[in-house]
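Enquirer: Sharing input.tsv, TSV, C-alpha atoms:
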chain	number	residue	atom	x	y	z
G	927	MET	CA	-99.18	13.39	63.98
G	928	ASN	CA	-99.97	12.79	60.44
G	929	ILE	CA	-99.80	16.53	59.67
G	930	LEU	CA	-96.45	16.86	61.46
G	931	SER	CA	-94.82	14.07	59.42
G	932	MET	CA	-96.18	15.62	56.21
G	933	ARG	CA	-94.66	19.00	57.06
G	934	ILE	CA	-91.27	17.43	57.84
G	935	GLY	CA	-91.35	15.47	54.55
G	936	LEU	CA	-92.31	18.62	52.61
G	937	LEU	CA	-89.50	20.65	54.21
G	938	GLY	CA	-86.99	17.88	53.41
G	939	LEU	CA	-88.17	17.76	49.80
G	940	LEU	CA	-87.92	21.53	49.51
G	941	ALA	CA	-84.39	21.51	50.96
G	942	VAL	CA	-83.28	18.87	48.44
G	943	ALA	CA	-84.90	20.76	45.55
G	944	VAL	CA	-83.13	24.02	46.44
G	945	ALA	CA	-79.74	22.49	47.27
G	946	ALA	CA	-79.43	20.16	44.26
G	947	PRO	CA	-79.16	22.80	41.48
G	948	VAL	CA	-76.88	25.05	43.52
G	949	GLY	CA	-74.46	22.43	44.87
G	950	CYS	CA	-74.30	20.03	41.92
G	951	ASP	CA	-74.69	22.48	39.03
G	952	GLY	CA	-77.33	20.25	37.58
G	953	GLY	CA	-78.52	22.87	35.17
G	954	GLY	CA	-81.45	24.03	37.30
G	955	THR	CA	-82.18	27.59	38.21
G	956	THR	CA	-81.17	29.20	41.42
G	957	THR	CA	-83.05	31.67	43.42
G	958	GLY	CA	-81.70	35.12	42.72
G	959	GLY	CA	-78.08	36.23	42.50
G	960	ASP	CA	-75.40	35.32	40.00
G	961	THR	CA	-76.07	32.29	37.78
G	962	THR	CA	-72.45	31.90	36.55
G	963	ARG	CA	-70.20	29.29	37.98
G	964	PRO	CA	-67.10	30.56	39.79
G	965	SER	CA	-63.85	29.61	37.97
G	966	ALA	CA	-60.74	28.24	39.65
G	967	ARG	CA	-58.56	30.39	37.36
G	968	PRO	CA	-58.69	34.14	37.47
G	969	LYS	CA	-59.80	35.83	34.28
G	970	ARG	CA	-57.03	37.08	32.00
G	971	GLU	CA	-57.22	40.67	30.99
G	972	GLU	CA	-57.40	41.07	27.26
G	973	ALA	CA	-54.40	42.78	25.65
G	974	PRO	CA	-54.90	45.52	23.15
G	975	ALA	CA	-54.97	44.39	19.50
G	976	GLU	CA	-51.65	46.16	18.74
G	977	VAL	CA	-49.76	44.09	21.30
G	978	VAL	CA	-51.29	40.80	20.09
G	979	GLU	CA	-50.28	41.51	16.46
G	980	ALA	CA	-46.69	42.41	17.46
G	981	ALA	CA	-46.37	39.23	19.51
G	982	ALA	CA	-47.60	37.13	16.58
G	983	ASP	CA	-44.89	38.65	14.32
G	984	GLU	CA	-42.14	37.89	16.84
G	985	ASP	CA	-43.17	34.22	17.32
G	986	THR	CA	-42.68	33.31	13.65
G	987	GLY	CA	-38.98	34.28	13.72
G	988	ASP	CA	-38.04	32.27	16.83
G	989	VAL	CA	-37.36	28.81	15.40
G	990	TYR	CA	-34.75	26.80	17.36
G	991	SER	CA	-32.07	25.01	15.40
G	992	TYR	CA	-29.26	22.98	17.01
G	993	VAL	CA	-25.79	23.55	15.58
G	994	SER	CA	-23.15	21.01	16.60
G	995	ILE	CA	-20.15	22.88	15.16
G	996	GLY	CA	-17.57	23.43	17.85
G	997	LYS	CA	-19.35	21.20	20.38
G	998	ARG	CA	-18.22	17.86	21.75
G	999	ASP	CA	-19.89	14.68	20.49
G	1000	PRO	CA	-22.09	13.60	23.44
G	1001	PHE	CA	-21.74	9.91	22.54
G	1002	ARG	CA	-17.93	9.84	22.46
G	1003	SER	CA	-16.16	9.03	25.72
G	1004	PHE	CA	-14.46	12.02	27.27
G	1005	ILE	CA	-11.73	9.69	28.53
G	1006	GLN	CA	-9.55	9.04	25.51
G	1007	LYS	CA	-6.53	6.78	25.52
G	1008	GLU	CA	-4.49	8.27	22.73
G	1009	VAL	CA	-0.76	7.86	22.66
G	1010	VAL	CA	1.25	10.16	20.43
G	1011	VAL	CA	4.99	9.71	20.49
G	1012	GLN	CA	7.53	11.82	18.65
G	1013	GLY	CA	9.21	9.57	16.07
G	1014	ASP	CA	11.90	10.04	13.45
G	1015	GLY	CA	9.46	11.19	10.76
G	1016	GLY	CA	7.14	13.19	13.02
G	1017	PRO	CA	4.40	12.31	15.50
G	1018	VAL	CA	3.56	8.62	15.76
G	1019	GLY	CA	-0.02	7.56	16.52
G	1020	PRO	CA	-1.15	4.61	18.66
G	1021	LEU	CA	-1.29	2.30	15.62
G	1022	GLN	CA	2.34	3.01	14.72
G	1023	LEU	CA	3.88	1.71	17.93
G	1024	HIS	CA	4.10	-1.95	16.79
G	1025	GLU	CA	5.03	-3.86	13.65
G	1026	ILE	CA	2.19	-4.65	11.24
G	1027	ASP	CA	2.42	-8.40	11.75
G	1028	SER	CA	1.73	-8.01	15.48
G	1029	TYR	CA	-1.77	-6.64	14.78
G	1030	ARG	CA	-4.72	-9.02	14.32
G	1031	LEU	CA	-7.74	-8.27	12.12
G	1032	ARG	CA	-10.87	-8.86	14.21
G	1033	GLY	CA	-13.77	-7.50	12.16
G	1034	ILE	CA	-14.87	-5.65	9.02
G	1035	VAL	CA	-17.92	-3.47	8.40
G	1036	TRP	CA	-18.37	-3.77	4.69
G	1037	ASN	CA	-21.68	-2.58	3.11
G	1038	ILE	CA	-21.38	1.12	3.98
G	1039	ASN	CA	-20.03	4.17	2.12
G	1040	GLN	CA	-16.67	4.07	3.89
G	1041	PRO	CA	-15.86	0.52	5.00
G	1042	LYS	CA	-14.14	0.15	8.36
G	1043	ALA	CA	-12.16	-2.60	10.03
G	1044	MET	CA	-11.14	-3.37	13.59
G	1045	VAL	CA	-7.61	-4.44	14.41
G	1046	GLU	CA	-6.32	-5.57	17.79
G	1047	ASP	CA	-2.86	-4.57	18.96
G	1048	PRO	CA	-0.56	-6.87	20.97
G	1049	GLU	CA	-1.88	-5.36	24.22
G	1050	GLY	CA	-5.43	-6.48	23.33
G	1051	ILE	CA	-6.80	-3.00	22.58
G	1052	GLY	CA	-9.05	-2.67	19.54
G	1053	HIS	CA	-8.64	0.14	17.01
G	1054	VAL	CA	-10.99	1.10	14.18
G	1055	VAL	CA	-9.24	1.75	10.86
G	1056	GLU	CA	-10.48	3.07	7.54
G	1057	LEU	CA	-8.92	3.88	4.19
G	1058	GLY	CA	-5.85	6.07	4.67
G	1059	THR	CA	-5.20	5.15	8.32
G	1060	LEU	CA	-1.49	4.88	9.16
G	1061	ILE	CA	-0.50	1.61	10.82
G	1062	GLY	CA	2.83	-0.05	11.66
G	1063	LYS	CA	6.32	1.28	12.35
G	1064	ASN	CA	7.12	1.67	8.63
G	1065	TRP	CA	4.32	4.19	7.98
G	1066	GLY	CA	2.01	1.65	6.34
G	1067	LYS	CA	-1.29	2.96	5.02
G	1068	VAL	CA	-4.61	1.10	4.76
G	1069	THR	CA	-5.29	1.06	1.00
G	1070	GLN	CA	-8.09	-1.49	0.61
G	1071	ILE	CA	-10.78	-2.98	2.81
G	1072	LYS	CA	-12.39	-6.07	1.30
G	1073	PRO	CA	-15.15	-8.27	2.80
G	1074	SER	CA	-12.67	-10.66	4.42
G	1075	GLU	CA	-9.28	-8.93	4.29
G	1076	LEU	CA	-7.44	-5.69	4.87
G	1077	ILE	CA	-4.58	-4.55	2.61
G	1078	ILE	CA	-1.88	-2.27	4.00
G	1079	THR	CA	0.74	-0.70	1.74
G	1080	GLU	CA	4.18	0.31	3.00
G	1081	GLU	CA	6.37	2.50	0.80
G	1082	TYR	CA	10.04	3.11	1.50
G	1083	ARG	CA	13.25	3.74	-0.41
G	1084	ASP	CA	16.07	1.26	-0.68
G	1085	PRO	CA	19.07	3.04	0.88
G	1086	ILE	CA	21.59	1.48	-1.51
G	1087	GLU	CA	19.91	1.76	-4.92
G	1088	ASN	CA	17.46	4.57	-3.98
G	1089	GLU	CA	14.55	2.60	-5.44
G	1090	LEU	CA	10.99	2.97	-4.21
G	1091	ILE	CA	9.93	-0.32	-2.66
G	1092	ILE	CA	6.22	-1.01	-2.19
G	1093	ASN	CA	5.33	-3.76	0.26
G	1094	GLU	CA	1.70	-4.89	0.46
G	1095	VAL	CA	0.67	-6.67	3.65
G	1096	THR	CA	-2.63	-8.56	3.70
G	1097	MET	CA	-4.48	-9.22	6.94
G	1098	ARG	CA	-7.25	-11.80	6.78
G	1099	LEU	CA	-10.12	-12.38	9.15
G	1100	PRO	CA	-9.49	-15.41	11.35
G	1101	ASN	CA	-11.19	-18.62	10.32
G	1102	PRO	CA	-13.95	-19.37	12.89
G	1103	ASP	CA	-13.19	-23.12	12.70
G	1104	LYS	CA	-9.55	-22.57	13.68
G	1105	GLU	CA	-10.51	-20.18	16.51
G	1106	VAL	CA	-12.71	-22.87	18.12
G	1107	GLY	CA	-10.01	-25.53	17.85
G	1108	ARG	CA	-7.41	-23.51	19.81
Would you write the structure of this file as structure tokens?
Expert:
Amino acid sequence: MNILSMRIGLLGLLAVAVAAPVGCDGGGTTTGGDTTRPSARPKREEAPAEVVEAAADEDTGDVYSYVSIGKRDPFRSFIQKEVVVQGDGGPVGPLQLHEIDSYRLRGIVWNINQPKAMVEDPEGIGHVVELGTLIGKNWGKVTQIKPSELIITEEYRDPIENELIINEVTMRLPNPDKEVGR
């Protein structure tokens, strides 16, 4: 019995010794046959040198550059509420539907190249204005934007004396203390 258990142990050891390098790729040698490991990817055939050089020349010229000319701004709403009415002096924009004193100055963006201000119309809709924006029924134009006020200039002719009359309207930001005390 002792010889039988030795033979079984020797066969088991031999089986482990042969199977370990083949199944685990432990770096051991295999008995005969191919010693390379099969790859999951098929081998790529090598292209001739002429084709590789031509492909390299073409790749350098294909640089993508985005040009936004003629395309819609993706951040601007595609639903625009813009009212343009035909007036006596031509088309009237949404800021020219009400008198200047019915608009309320709600905010100013000051430390930028082109300062902007936000005015609220009587319907509660906010409009962003900048220098040169037409506002009011008398064709007023935003001429100055200061840190706490907006100056609008209206120019019209006196019908009797034919004099040019310049009317400056100043809108000031609301005082926060008065807004709380409403």
Enquirer: Could you check the closest approach to Ala1043 of chain G for each of G:Ile934, G:Leu1057, G:Ile1091, G:Ile1086 and tell me which residue wins, using only C-alpha atoms?
Expert: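 Closest to Ala1043 of chain G, using only C-alpha atoms: G:Leu1057.
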Enquirer: Find the spatial neighbours of Ile1026 of chain G, counting all atoms listed in the file, within a cut-off of 10 Å - ignore same-chain residues fewer than 6 positions away - and output them as a PyMOL selection string.
Expert: chain G and resi 1047+1061-1066+1078+1080+1095-1097
Enquirer: If you measure from atom CA of Ser1028 of chain G to atom CA of Asp1084 of chain G, what distance in Å do you get, rounded to one decimal?
Expert: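 Between these atoms lies a distance of 23.5 Å.
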